[in-house]
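K.L.:
Structure file run00.txt (compact mmCIF, C-alpha atoms and all ligand atoms) is given on the next line.
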# COMPACT_ATOMS: atom_id res chain seq x y z
CA THR W 1 64.87 91.07 73.63
CA THR W 2 64.03 94.04 75.84
CA PRO W 3 66.94 96.45 76.35
CA LEU W 4 67.91 96.65 80.02
CA HIS W 5 67.60 100.40 80.61
CA SER W 6 64.19 100.34 78.91
CA ALA W 7 63.18 97.47 81.21
CA ALA W 8 64.36 99.45 84.25
CA ARG W 9 62.39 102.53 83.15
CA ALA W 10 59.26 100.46 82.59
CA ALA W 11 59.66 99.23 86.18
CA GLY W 12 59.74 102.83 87.44
CA LYS W 13 63.49 102.90 88.04
CA LEU W 14 65.77 105.76 87.03
CA TYR W 15 68.39 103.73 85.20
CA PHE W 16 70.16 100.51 84.39
CA GLY W 17 73.86 101.17 83.91
CA SER W 18 77.37 99.81 83.66
CA ALA W 19 80.84 100.61 84.87
CA THR W 20 83.40 101.16 82.16
CA ASP W 21 87.08 102.06 82.02
CA ASN W 22 89.25 104.12 79.71
CA PRO W 23 91.42 101.31 78.22
CA GLU W 24 88.25 99.50 77.03
CA LEU W 25 87.12 102.41 74.91
CA THR W 26 89.42 101.42 72.02
CA ASP W 27 87.27 98.27 71.61
CA GLN W 28 84.67 99.40 69.07
CA PRO W 29 82.20 96.50 69.42
CA TYR W 30 82.34 96.95 73.22
CA VAL W 31 81.70 100.70 72.95
CA ALA W 32 78.86 100.16 70.49
CA ILE W 33 76.91 98.12 73.06
CA LEU W 34 77.87 100.41 75.97
CA SER W 35 76.62 103.43 74.04
CA GLN W 36 73.12 102.05 73.35
CA SER W 37 71.12 104.38 75.56
CA SER W 38 68.15 102.00 75.71
CA MET W 39 70.51 99.34 77.09
CA PHE W 40 72.55 101.50 79.51
CA GLY W 41 71.08 104.72 80.86
CA GLN W 42 74.00 105.36 83.18
CA ILE W 43 77.76 104.77 83.35
CA THR W 44 80.36 104.80 86.14
CA PRO W 45 84.12 105.21 85.63
CA GLY W 46 85.81 102.08 87.01
CA ASN W 47 89.05 103.85 87.84
CA SER W 48 89.56 107.25 86.28
CA MET W 49 87.92 109.46 88.92
CA LYS W 50 89.72 107.83 91.87
CA TRP W 51 92.23 109.75 93.99
CA ASP W 52 95.38 108.30 92.35
CA ALA W 53 93.99 109.32 88.95
CA THR W 54 92.72 112.79 89.88
CA GLU W 55 95.26 114.18 92.41
CA PRO W 56 98.51 112.23 91.89
CA GLU W 57 100.46 114.97 93.66
CA ARG W 58 99.14 117.29 96.32
CA GLY W 59 97.26 120.12 94.68
CA VAL W 60 97.91 118.81 91.15
CA PHE W 61 94.59 117.75 89.61
CA THR W 62 94.32 115.68 86.42
CA PHE W 63 90.90 115.17 84.91
CA ALA W 64 91.68 114.09 81.35
CA ALA W 65 90.75 110.41 81.79
CA GLY W 66 87.71 111.15 83.94
CA ASP W 67 86.55 113.72 81.41
CA VAL W 68 86.59 111.06 78.68
CA ILE W 69 84.01 109.05 80.65
CA ALA W 70 81.95 112.14 81.51
CA ASP W 71 81.94 113.20 77.86
CA LEU W 72 80.94 109.69 76.75
CA ALA W 73 77.97 109.76 79.14
CA ALA W 74 76.94 113.18 77.87
CA SER W 75 77.20 112.26 74.22
CA ASN W 76 75.23 109.05 74.81
CA GLY W 77 72.59 110.83 76.90
CA GLN W 78 73.48 108.68 79.93
CA LEU W 79 73.54 109.60 83.62
CA LEU W 80 76.96 109.62 85.28
CA ARG W 81 77.84 108.28 88.74
CA GLY W 82 81.06 109.72 90.12
CA HIS W 83 83.33 107.14 91.76
CA ASN W 84 84.94 107.90 94.25
CA CYS W 85 86.29 110.62 96.57
CA VAL W 86 87.54 108.97 99.75
CA TRP W 87 88.68 105.32 99.70
CA TYR W 88 91.56 103.50 101.35
CA ASN W 89 92.56 101.91 98.02
CA GLN W 90 94.09 103.43 94.88
CA LEU W 91 95.48 106.35 96.83
CA PRO W 92 98.58 108.14 95.63
CA SER W 93 101.49 107.44 97.97
CA TRP W 94 101.57 111.05 99.19
CA VAL W 95 98.21 110.34 100.85
CA SER W 96 98.54 106.67 101.82
CA SER W 97 101.96 107.07 103.44
CA GLY W 98 100.32 109.31 106.02
CA GLY W 99 102.35 111.58 108.24
CA PHE W 100 99.73 114.33 108.20
CA ASP W 101 98.12 115.59 111.40
CA ASN W 102 94.34 115.79 111.74
CA ALA W 103 94.06 119.44 110.69
CA THR W 104 96.23 118.95 107.61
CA LEU W 105 94.48 115.78 106.43
CA THR W 106 91.11 117.47 107.03
CA GLU W 107 92.17 120.23 104.65
CA ILE W 108 93.47 117.67 102.13
CA VAL W 109 90.23 115.65 102.15
CA ALA W 110 88.05 118.76 101.85
CA THR W 111 90.18 120.14 99.01
CA HIS W 112 90.21 116.81 97.16
CA CYS W 113 86.45 116.20 97.38
CA GLY W 114 85.56 119.83 96.73
CA THR W 115 87.81 120.07 93.69
CA VAL W 116 86.89 116.75 92.09
CA VAL W 117 83.14 117.02 92.70
CA GLY W 118 83.31 120.70 91.69
CA HIS W 119 85.05 119.83 88.42
CA TYR W 120 82.12 117.58 87.49
CA ALA W 121 79.43 119.87 88.94
CA GLY W 122 76.28 119.63 86.84
CA GLN W 123 77.52 116.51 85.03
CA THR W 124 76.82 113.78 87.59
CA TYR W 125 73.60 112.31 88.92
CA SER W 126 75.37 111.01 92.02
CA TRP W 127 78.78 110.50 93.62
CA ASP W 128 80.27 107.80 95.83
CA ILE W 129 81.81 110.29 98.25
CA ILE W 130 82.78 107.68 100.84
CA ASN W 131 83.76 104.21 99.61
CA GLU W 132 84.07 101.08 101.77
CA PRO W 133 84.48 102.68 105.23
CA PHE W 134 83.72 99.55 107.24
CA ASN W 135 85.24 96.18 108.03
CA ASP W 136 82.94 93.17 107.61
CA ASP W 137 82.30 93.09 111.39
CA GLY W 138 80.94 96.64 111.26
CA THR W 139 83.95 98.32 112.85
CA TRP W 140 85.64 101.21 111.09
CA ARG W 141 88.33 100.26 108.62
CA SER W 142 91.78 101.14 109.89
CA ASP W 143 93.03 103.40 107.10
CA VAL W 144 94.89 106.70 106.86
CA PHE W 145 91.64 108.67 107.08
CA TYR W 146 90.12 106.96 110.13
CA ASN W 147 93.46 106.62 111.89
CA THR W 148 94.20 110.33 111.50
CA MET W 149 90.77 111.98 111.60
CA GLY W 150 88.52 109.47 113.35
CA GLU W 151 84.97 109.41 111.99
CA SER W 152 85.19 113.09 111.01
CA PHE W 153 86.53 112.24 107.55
CA VAL W 154 82.96 111.33 106.59
CA PRO W 155 81.29 114.71 107.32
CA VAL W 156 84.34 116.61 106.07
CA ALA W 157 84.09 114.89 102.69
CA LEU W 158 80.29 115.09 102.44
CA ASN W 159 80.16 118.79 103.36
CA ALA W 160 82.88 119.66 100.84
CA ALA W 161 81.06 117.71 98.13
CA ARG W 162 77.72 119.39 98.84
CA ALA W 163 79.34 122.83 98.72
CA ALA W 164 81.02 121.99 95.40
CA ASP W 165 77.87 120.66 93.70
CA PRO W 166 74.62 121.24 95.59
CA LYS W 167 72.63 119.01 93.20
CA THR W 168 74.56 115.76 92.90
CA LYS W 169 73.35 112.98 95.18
CA LEU W 170 75.94 112.12 97.83
CA TYR W 171 76.39 108.42 98.53
CA ILE W 172 78.28 106.15 100.89
CA ASN W 173 79.07 102.93 99.00
CA ASP W 174 80.13 99.55 100.39
CA TYR W 175 80.20 95.79 99.76
CA ASN W 176 78.83 93.00 101.95
CA ILE W 177 75.89 95.21 102.94
CA GLU W 178 73.44 93.37 100.70
CA GLY W 179 71.72 91.40 103.46
CA THR W 180 71.25 92.25 107.13
CA GLY W 181 74.21 91.83 109.47
CA ALA W 182 76.83 93.72 111.44
CA LYS W 183 78.16 95.69 108.48
CA SER W 184 74.68 96.76 107.34
CA THR W 185 73.85 97.77 110.92
CA ALA W 186 77.00 99.91 111.00
CA MET W 187 75.82 101.64 107.80
CA VAL W 188 72.38 102.25 109.31
CA ASN W 189 73.93 103.75 112.44
CA LEU W 190 76.29 105.96 110.43
CA VAL W 191 73.51 107.36 108.23
CA LYS W 192 71.30 107.96 111.29
CA SER W 193 74.11 109.82 113.01
CA LEU W 194 74.92 111.93 109.93
CA LYS W 195 71.27 112.89 109.54
CA ALA W 196 71.02 113.76 113.24
CA GLN W 197 74.03 116.09 112.82
CA GLY W 198 72.62 117.70 109.68
CA VAL W 199 75.40 116.31 107.49
CA PRO W 200 74.29 115.93 103.85
CA ILE W 201 73.74 112.29 102.83
CA ASP W 202 71.40 111.25 100.03
CA GLY W 203 72.06 107.61 99.31
CA ILE W 204 73.56 104.26 100.23
CA GLY W 205 75.34 102.39 97.45
CA ILE W 206 75.05 98.63 97.74
CA GLN W 207 77.85 97.18 95.62
CA CYS W 208 76.47 93.62 95.21
CA HIS W 209 79.61 91.69 94.30
CA LEU W 210 77.84 88.37 94.82
CA ILE W 211 78.50 84.64 94.35
CA VAL W 212 76.26 82.31 92.31
CA GLY W 213 73.95 80.39 94.64
CA GLU W 214 74.78 82.61 97.61
CA VAL W 215 72.48 85.61 97.31
CA PRO W 216 71.56 86.60 100.90
CA SER W 217 67.97 85.80 101.87
CA THR W 218 67.52 89.12 103.69
CA LEU W 219 68.02 91.45 100.71
CA LYS W 220 64.55 92.98 100.81
CA GLU W 221 64.48 93.42 104.58
CA ASN W 222 67.86 95.11 104.41
CA PHE W 223 67.03 97.36 101.45
CA GLU W 224 63.91 98.46 103.37
CA GLN W 225 65.82 99.24 106.55
CA PHE W 226 68.09 101.49 104.46
CA THR W 227 65.29 103.36 102.65
CA ALA W 228 63.46 103.78 105.99
CA LEU W 229 66.31 106.12 106.98
CA GLY W 230 65.07 108.63 104.40
CA VAL W 231 67.83 108.02 101.84
CA GLU W 232 67.66 106.44 98.41
CA ILE W 233 69.62 103.31 97.61
CA ALA W 234 71.22 102.05 94.42
CA ILE W 235 72.85 98.80 93.40
CA THR W 236 76.18 100.18 92.29
CA GLU W 237 78.59 97.38 91.27
CA LEU W 238 76.54 94.25 90.58
CA ASP W 239 78.23 91.07 89.41
CA ILE W 240 77.62 87.44 90.39
CA ARG W 241 80.69 85.25 90.07
CA MET W 242 81.12 81.49 89.87
CA THR W 243 83.91 78.96 90.11
CA LEU W 244 85.03 78.25 86.54
CA PRO W 245 84.35 76.57 84.21
CA SER W 246 80.84 77.84 83.77
CA THR W 247 78.25 75.12 83.17
CA THR W 248 74.65 75.18 82.00
CA ALA W 249 73.57 74.63 85.60
CA LEU W 250 75.71 77.46 86.95
CA LEU W 251 74.51 79.83 84.24
CA ALA W 252 70.90 78.94 85.08
CA GLN W 253 71.51 79.57 88.78
CA GLN W 254 73.21 82.85 87.86
CA GLN W 255 70.14 83.86 85.84
CA ALA W 256 67.95 83.16 88.88
CA ASP W 257 70.32 85.11 91.13
CA TYR W 258 70.33 88.17 88.85
CA GLU W 259 66.54 88.00 88.78
CA THR W 260 66.41 87.89 92.60
CA VAL W 261 68.61 90.95 92.99
CA ILE W 262 66.84 92.99 90.31
CA SER W 263 63.35 92.03 91.47
CA THR W 264 64.25 93.09 95.01
CA CYS W 265 65.27 96.51 93.71
CA THR W 266 62.08 96.60 91.64
CA GLU W 267 59.98 95.89 94.74
CA VAL W 268 61.65 98.51 96.97
CA GLU W 269 60.52 101.98 95.94
CA GLY W 270 63.63 103.80 97.17
CA CYS W 271 65.96 101.57 95.13
CA ILE W 272 66.47 103.94 92.24
CA GLY W 273 68.76 102.12 89.85
CA VAL W 274 71.16 99.29 89.13
CA THR W 275 74.72 99.36 87.77
CA VAL W 276 76.71 96.27 86.75
CA TRP W 277 80.48 96.40 87.35
CA ASP W 278 81.06 96.27 83.64
CA TYR W 279 78.66 94.40 81.44
CA THR W 280 81.00 91.81 79.90
CA ASP W 281 83.25 89.05 81.22
CA LYS W 282 85.85 90.43 78.79
CA TYR W 283 86.61 93.30 81.18
CA SER W 284 85.51 91.95 84.56
CA TRP W 285 87.80 92.56 87.56
CA ILE W 286 86.94 89.13 89.02
CA PRO W 287 89.46 86.68 87.48
CA SER W 288 92.50 88.73 88.49
CA THR W 289 91.26 89.19 92.06
CA PHE W 290 89.71 85.73 92.60
CA PRO W 291 91.79 83.24 90.59
CA GLY W 292 89.65 80.39 89.25
CA GLN W 293 86.46 82.45 89.43
CA GLY W 294 84.72 84.60 86.84
CA ALA W 295 81.90 84.61 84.29
CA ALA W 296 80.21 87.13 86.60
CA CYS W 297 78.66 89.50 84.05
CA PRO W 298 75.50 89.36 81.88
CA TRP W 299 77.50 89.32 78.62
CA ASP W 300 80.24 86.75 77.97
CA ALA W 301 83.79 87.54 76.85
CA ASN W 302 82.63 87.51 73.19
CA LEU W 303 80.05 90.21 73.93
CA VAL W 304 77.20 87.69 73.64
CA THR W 305 74.39 87.85 76.19
CA LYS W 306 74.10 85.05 78.77
CA PRO W 307 71.02 83.70 80.56
CA ALA W 308 71.76 86.33 83.26
CA TYR W 309 70.52 88.94 80.79
CA ASP W 310 67.07 87.36 80.78
CA GLY W 311 67.18 87.18 84.56
CA ILE W 312 67.64 90.97 84.67
CA VAL W 313 64.70 91.57 82.32
CA GLN W 314 62.54 89.16 84.35
CA GLY W 315 63.56 90.95 87.56
CA PHE W 316 62.37 94.30 86.22
CA GLU W 317 59.15 92.71 84.96
CA SER W 318 58.43 91.07 88.32
CA CYS W 319 56.08 93.75 89.64
O1 LIG F 401 97.20 102.02 86.41
C1 LIG F 401 98.03 100.86 86.46
C2 LIG F 401 98.88 100.75 85.22
O2 LIG F 401 99.75 101.85 85.18
C3 LIG F 401 99.65 99.43 85.26
O3 LIG F 401 100.35 99.26 84.08
C4 LIG F 401 98.69 98.26 85.44
C5 LIG F 401 99.42 96.92 85.57
O4 LIG F 401 98.65 96.02 86.31
O5 LIG F 401 97.94 98.45 86.61
C6 LIG F 401 97.15 99.64 86.56
O6 LIG F 401 96.41 99.75 87.74
C7 LIG F 401 95.31 98.86 87.86
C8 LIG F 401 94.04 99.69 87.96
O7 LIG F 401 92.93 98.86 88.20
C9 LIG F 401 93.76 100.49 86.70
O8 LIG F 401 93.59 99.64 85.60
C10 LIG F 401 95.48 98.03 89.11
O9 LIG F 401 96.59 97.15 88.95
C11 LIG F 401 94.23 97.24 89.40
O10 LIG F 401 94.36 96.63 90.68
C12 LIG F 401 93.04 98.16 89.43
O11 LIG F 401 91.89 97.36 89.68
C13 LIG F 401 90.71 98.08 89.99
C14 LIG F 401 90.31 97.82 91.42
O12 LIG F 401 89.08 98.48 91.68
C15 LIG F 401 91.34 98.28 92.41
O13 LIG F 401 90.92 98.01 93.69
C16 LIG F 401 89.62 97.58 89.05
O14 LIG F 401 89.94 97.91 87.70
C17 LIG F 401 88.29 98.22 89.45
O15 LIG F 401 87.26 97.62 88.69
C18 LIG F 401 88.04 97.95 90.91
O16 LIG F 401 86.81 98.54 91.29
C19 LIG F 401 86.41 98.40 92.67
C20 LIG F 401 85.61 99.62 93.03
O17 LIG F 401 86.34 100.80 92.76
C21 LIG F 401 85.18 99.60 94.49
N1 LIG F 401 84.49 98.37 94.82
C22 LIG F 401 85.19 97.15 94.42
C23 LIG F 401 85.56 97.17 92.95
C24 LIG F 401 86.22 95.88 92.53
O18 LIG F 401 87.45 95.71 93.18
Using structure tokens, write down the structure that the file contains.

P.N.:
Amino acid sequence: TTPLHSAARAAGKLYFGSATDNPELTDQPYVAILSQSSMFGQITPGNSMKWDATEPERGVFTFAAGDVIADLAASNGQLLRGHNCVWYNQLPSWVSSGGFDNATLTEIVATHCGTVVGHYAGQTYSWDIINEPFNDDGTWRSDVFYNTMGESFVPVALNAARAADPKTKLYINDYNIEGTGAKSTAMVNLVKSLKAQGVPIDGIGIQCHLIVGEVPSTLKENFEQFTALGVEIAITELDIRMTLPSTTALLAQQQADYETVISTCTEVEGCIGVTVWDYTDKYSWIPSTFPGQGAACPWDANLVTKPAYDGIVQGFESC
């Protein structure tokens, strides 16, 4: 069978990749598959570059766990996506509890993004600088950043990141922006406004946490409205979950759904790569967050490929 990164390259894409996480790296059979550079040309740390992991106390930076992932990418010859600088979730309590005024939080955000992106300067292809800024209705998420700084947290973070590593591609990453709709429109308007102000922005990350049988019908139209803004796009956290138990019919539908998503990326020139949010059901985040659901990844919990794998290959071969 065709390895997935090779299939992506043959389709003119930059990479096919996977998220991974530090605790999984003691699992030798798992690491052996992850490290096949023809299978995965890119990796993303699932947790270890987030704010709680990298700046647990103000001004105290810890990069040991993130460095393990960066070193793994380097030794495997894989691209690295940094994930993430500014997100409402997985914040250390000194940030999430708030109490800072606008000027102080501005300094904190700039220092955090500048230091973390600077630490990995030259090692990443791209970074999710802003993660999940919007509610599903397209309004701004009410979090410590927006509530203290208004929309300015976005340019503050992006400018600090660009100064710290002029080459890494700066992304805003979100979920439920796969098809057209209020949240995708909010993303379009934000990117337009950043570009009009001369704020650096290179890409939109489309997470793609999808449900079997429910892939939006407006994927291509939406991907094209994003790339028309003059930014690249990437599928950053793909998985397609189902209500358990998995059946032959559900696995076949999942294969078709993976093919739809991948072929849409294949067809849209500015869609540069695809990352699954870990490649195996063994380490998927889905069952703990959505009880009764799972089987979302292209490999099963025994590290055996599922029909979804063939759907991915077919999606890259669709053009
Ligand atoms: O670090 C603690 C550990 O000390 C403790 O013993 C353990 C007990 O549960 O929890 C550990 O924290 C967990 C953390 O992952 C690190 O393993 C959290 O409970 C758990 O909630 C957290 O889940 C992560 C989740 O983000 C948090 O929102 C998932 O692994 C990670 O895959 C997931 O990734 C996000 C992306 O960053 C953004 N998009 C959505 C995606 C899925 O939620």

K.L.:
Output as a Markdown table one row per residue of chain W within 9 Å of ligand LIG 401 (chain F): the closest atom pair and its distance in Å to one decimal place, counting only C-alpha atoms and all ligand atoms, sorted by chain and residue number ascending.

P.N.:
| residue | atom | partner | partner_atom | distance |
| --- | --- | --- | --- | --- |
| W:Ala19 | CA | F:LIG401 | O15 | 8.0 |
| W:Thr20 | CA | F:LIG401 | O15 | 8.4 |
| W:Asp21 | CA | F:LIG401 | O14 | 7.6 |
| W:Asn22 | CA | F:LIG401 | O8 | 8.6 |
| W:Pro23 | CA | F:LIG401 | O8 | 7.9 |
| W:Pro45 | CA | F:LIG401 | O17 | 8.7 |
| W:Gly46 | CA | F:LIG401 | O15 | 5.0 |
| W:Asn47 | CA | F:LIG401 | C9 | 5.9 |
| W:Ser48 | CA | F:LIG401 | C9 | 8.0 |
| W:Lys50 | CA | F:LIG401 | O17 | 7.9 |
| W:Asp52 | CA | F:LIG401 | O1 | 8.8 |
| W:Ala53 | CA | F:LIG401 | O1 | 8.4 |
| W:His83 | CA | F:LIG401 | O17 | 7.1 |
| W:Asn84 | CA | F:LIG401 | O17 | 7.4 |
| W:Trp87 | CA | F:LIG401 | C21 | 8.5 |
| W:Asn89 | CA | F:LIG401 | O13 | 6.1 |
| W:Gln90 | CA | F:LIG401 | C15 | 6.3 |
| W:Asn131 | CA | F:LIG401 | C21 | 7.0 |
| W:Glu132 | CA | F:LIG401 | N1 | 7.5 |
| W:Asn173 | CA | F:LIG401 | N1 | 8.2 |
| W:Asp174 | CA | F:LIG401 | N1 | 7.2 |
| W:Tyr175 | CA | F:LIG401 | N1 | 7.0 |
| W:Gln207 | CA | F:LIG401 | N1 | 6.8 |
| W:His209 | CA | F:LIG401 | C22 | 7.8 |
| W:Thr236 | CA | F:LIG401 | N1 | 8.9 |
| W:Glu237 | CA | F:LIG401 | N1 | 7.0 |
| W:Trp277 | CA | F:LIG401 | O15 | 7.0 |
| W:Asp278 | CA | F:LIG401 | O15 | 8.1 |
| W:Tyr283 | CA | F:LIG401 | O14 | 8.7 |
| W:Ser284 | CA | F:LIG401 | O15 | 7.2 |
| W:Trp285 | CA | F:LIG401 | O15 | 5.2 |
| W:Ile286 | CA | F:LIG401 | C24 | 7.6 |
| W:Ser288 | CA | F:LIG401 | O10 | 8.4 |
| W:Thr289 | CA | F:LIG401 | O18 | 7.6 |

K.L.:
Selected residues, C-alpha atoms, written as a CSV table (one decimal), keeping the file's coordinate frame, please.

P.N.:
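As a result, selection-v3.csv now contains:
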chain,number,residue,atom,x,y,z
W,19,ALA,CA,80.8,100.6,84.9
W,20,THR,CA,83.4,101.2,82.2
W,21,ASP,CA,87.1,102.1,82.0
W,22,ASN,CA,89.2,104.1,79.7
W,23,PRO,CA,91.4,101.3,78.2
W,45,PRO,CA,84.1,105.2,85.6
W,46,GLY,CA,85.8,102.1,87.0
W,47,ASN,CA,89.0,103.8,87.8
W,48,SER,CA,89.6,107.2,86.3
W,50,LYS,CA,89.7,107.8,91.9
W,52,ASP,CA,95.4,108.3,92.4
W,53,ALA,CA,94.0,109.3,89.0
W,83,HIS,CA,83.3,107.1,91.8
W,84,ASN,CA,84.9,107.9,94.2
W,87,TRP,CA,88.7,105.3,99.7
W,89,ASN,CA,92.6,101.9,98.0
W,90,GLN,CA,94.1,103.4,94.9
W,131,ASN,CA,83.8,104.2,99.6
W,132,GLU,CA,84.1,101.1,101.8
W,173,ASN,CA,79.1,102.9,99.0
W,174,ASP,CA,80.1,99.6,100.4
W,175,TYR,CA,80.2,95.8,99.8
W,207,GLN,CA,77.8,97.2,95.6
W,209,HIS,CA,79.6,91.7,94.3
W,236,THR,CA,76.2,100.2,92.3
W,237,GLU,CA,78.6,97.4,91.3
W,277,TRP,CA,80.5,96.4,87.4
W,278,ASP,CA,81.1,96.3,83.6
W,283,TYR,CA,86.6,93.3,81.2
W,284,SER,CA,85.5,92.0,84.6
W,285,TRP,CA,87.8,92.6,87.6
W,286,ILE,CA,86.9,89.1,89.0
W,288,SER,CA,92.5,88.7,88.5
W,289,THR,CA,91.3,89.2,92.1

K.L.:
Got a sec: who's within 7 Å of range 251-267 of chain W, counting only C-alpha atoms, leaving out chain neighbours fewer than 2 positions off, as number ranges by chain?

P.N.:
W: 11, 212-213, 215, 220, 240, 246-249, 269, 271, 307-308, 310-312, 314-316, 318-319

K.L.:
Given the choices W:Trp299, W:Tyr309, W:Tyr146, W:Phe100, which gets closest to Ile33 in chain W if the distance is worked out from only C-alpha atoms?

P.N.:
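Closest residue, counting only C-alpha atoms: W:Trp299.
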
K.L.:
Nearest to Ile211 in chain W: which of W:Gly138, W:Gly77, W:Gly59, W:Gly294 is it, counting all atoms listed in the file?

P.N.:
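For Ile211 in chain W, the nearest of the given residues is W:Gly294.
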
K.L.:
What does the structure give for the distance between CA of Leu14 in chain W and CA of Gly273 in chain W, in Å to one decimal?

P.N.:
5.5 Å

K.L.:
In Å, how far is it from CA of Ile108 in chain W to CA of Gly203 in chain W?

P.N.:
23.8 Å

K.L.:
Please complete range 248-264 of chain W with N, CA and C atoms and give it back as a short mmCIF file (atom, residue, chain, number, x, y, z; two decimals), in the frame of the given file.

P.N.:
data_model
loop_
_atom_site.label_atom_id
_atom_site.label_comp_id
_atom_site.auth_asym_id
_atom_site.auth_seq_id
_atom_site.Cartn_x
_atom_site.Cartn_y
_atom_site.Cartn_z
N THR W 248 76.05 74.82 82.22
CA THR W 248 74.65 75.18 82.00
C THR W 248 73.93 75.38 83.33
N ALA W 249 74.24 74.52 84.30
CA ALA W 249 73.57 74.63 85.60
C ALA W 249 73.98 75.91 86.33
N LEU W 250 75.25 76.24 86.28
CA LEU W 250 75.71 77.46 86.95
C LEU W 250 75.13 78.70 86.27
N LEU W 251 75.07 78.67 84.94
CA LEU W 251 74.51 79.83 84.24
C LEU W 251 73.01 79.98 84.53
N ALA W 252 72.33 78.87 84.73
CA ALA W 252 70.90 78.94 85.08
C ALA W 252 70.73 79.49 86.50
N GLN W 253 71.57 79.04 87.41
CA GLN W 253 71.51 79.57 88.78
C GLN W 253 71.86 81.06 88.78
N GLN W 254 72.84 81.43 87.96
CA GLN W 254 73.21 82.85 87.86
C GLN W 254 72.04 83.69 87.34
N GLN W 255 71.33 83.17 86.35
CA GLN W 255 70.14 83.86 85.84
C GLN W 255 69.15 84.09 86.98
N ALA W 256 68.90 83.05 87.76
CA ALA W 256 67.95 83.16 88.88
C ALA W 256 68.45 84.17 89.91
N ASP W 257 69.76 84.19 90.14
CA ASP W 257 70.32 85.11 91.13
C ASP W 257 70.23 86.56 90.66
N TYR W 258 70.52 86.80 89.38
CA TYR W 258 70.33 88.17 88.85
C TYR W 258 68.86 88.57 89.00
N GLU W 259 67.96 87.66 88.67
CA GLU W 259 66.54 88.00 88.78
C GLU W 259 66.18 88.36 90.22
N THR W 260 66.71 87.61 91.18
CA THR W 260 66.41 87.89 92.60
C THR W 260 66.87 89.29 92.99
N VAL W 261 68.08 89.64 92.61
CA VAL W 261 68.61 90.95 92.99
C VAL W 261 67.80 92.07 92.33
N ILE W 262 67.55 91.94 91.03
CA ILE W 262 66.84 92.99 90.31
C ILE W 262 65.39 93.08 90.80
N SER W 263 64.74 91.95 91.03
CA SER W 263 63.35 92.03 91.47
C SER W 263 63.26 92.64 92.86
N THR W 264 64.26 92.45 93.69
CA THR W 264 64.25 93.09 95.01
C THR W 264 64.34 94.60 94.85
#
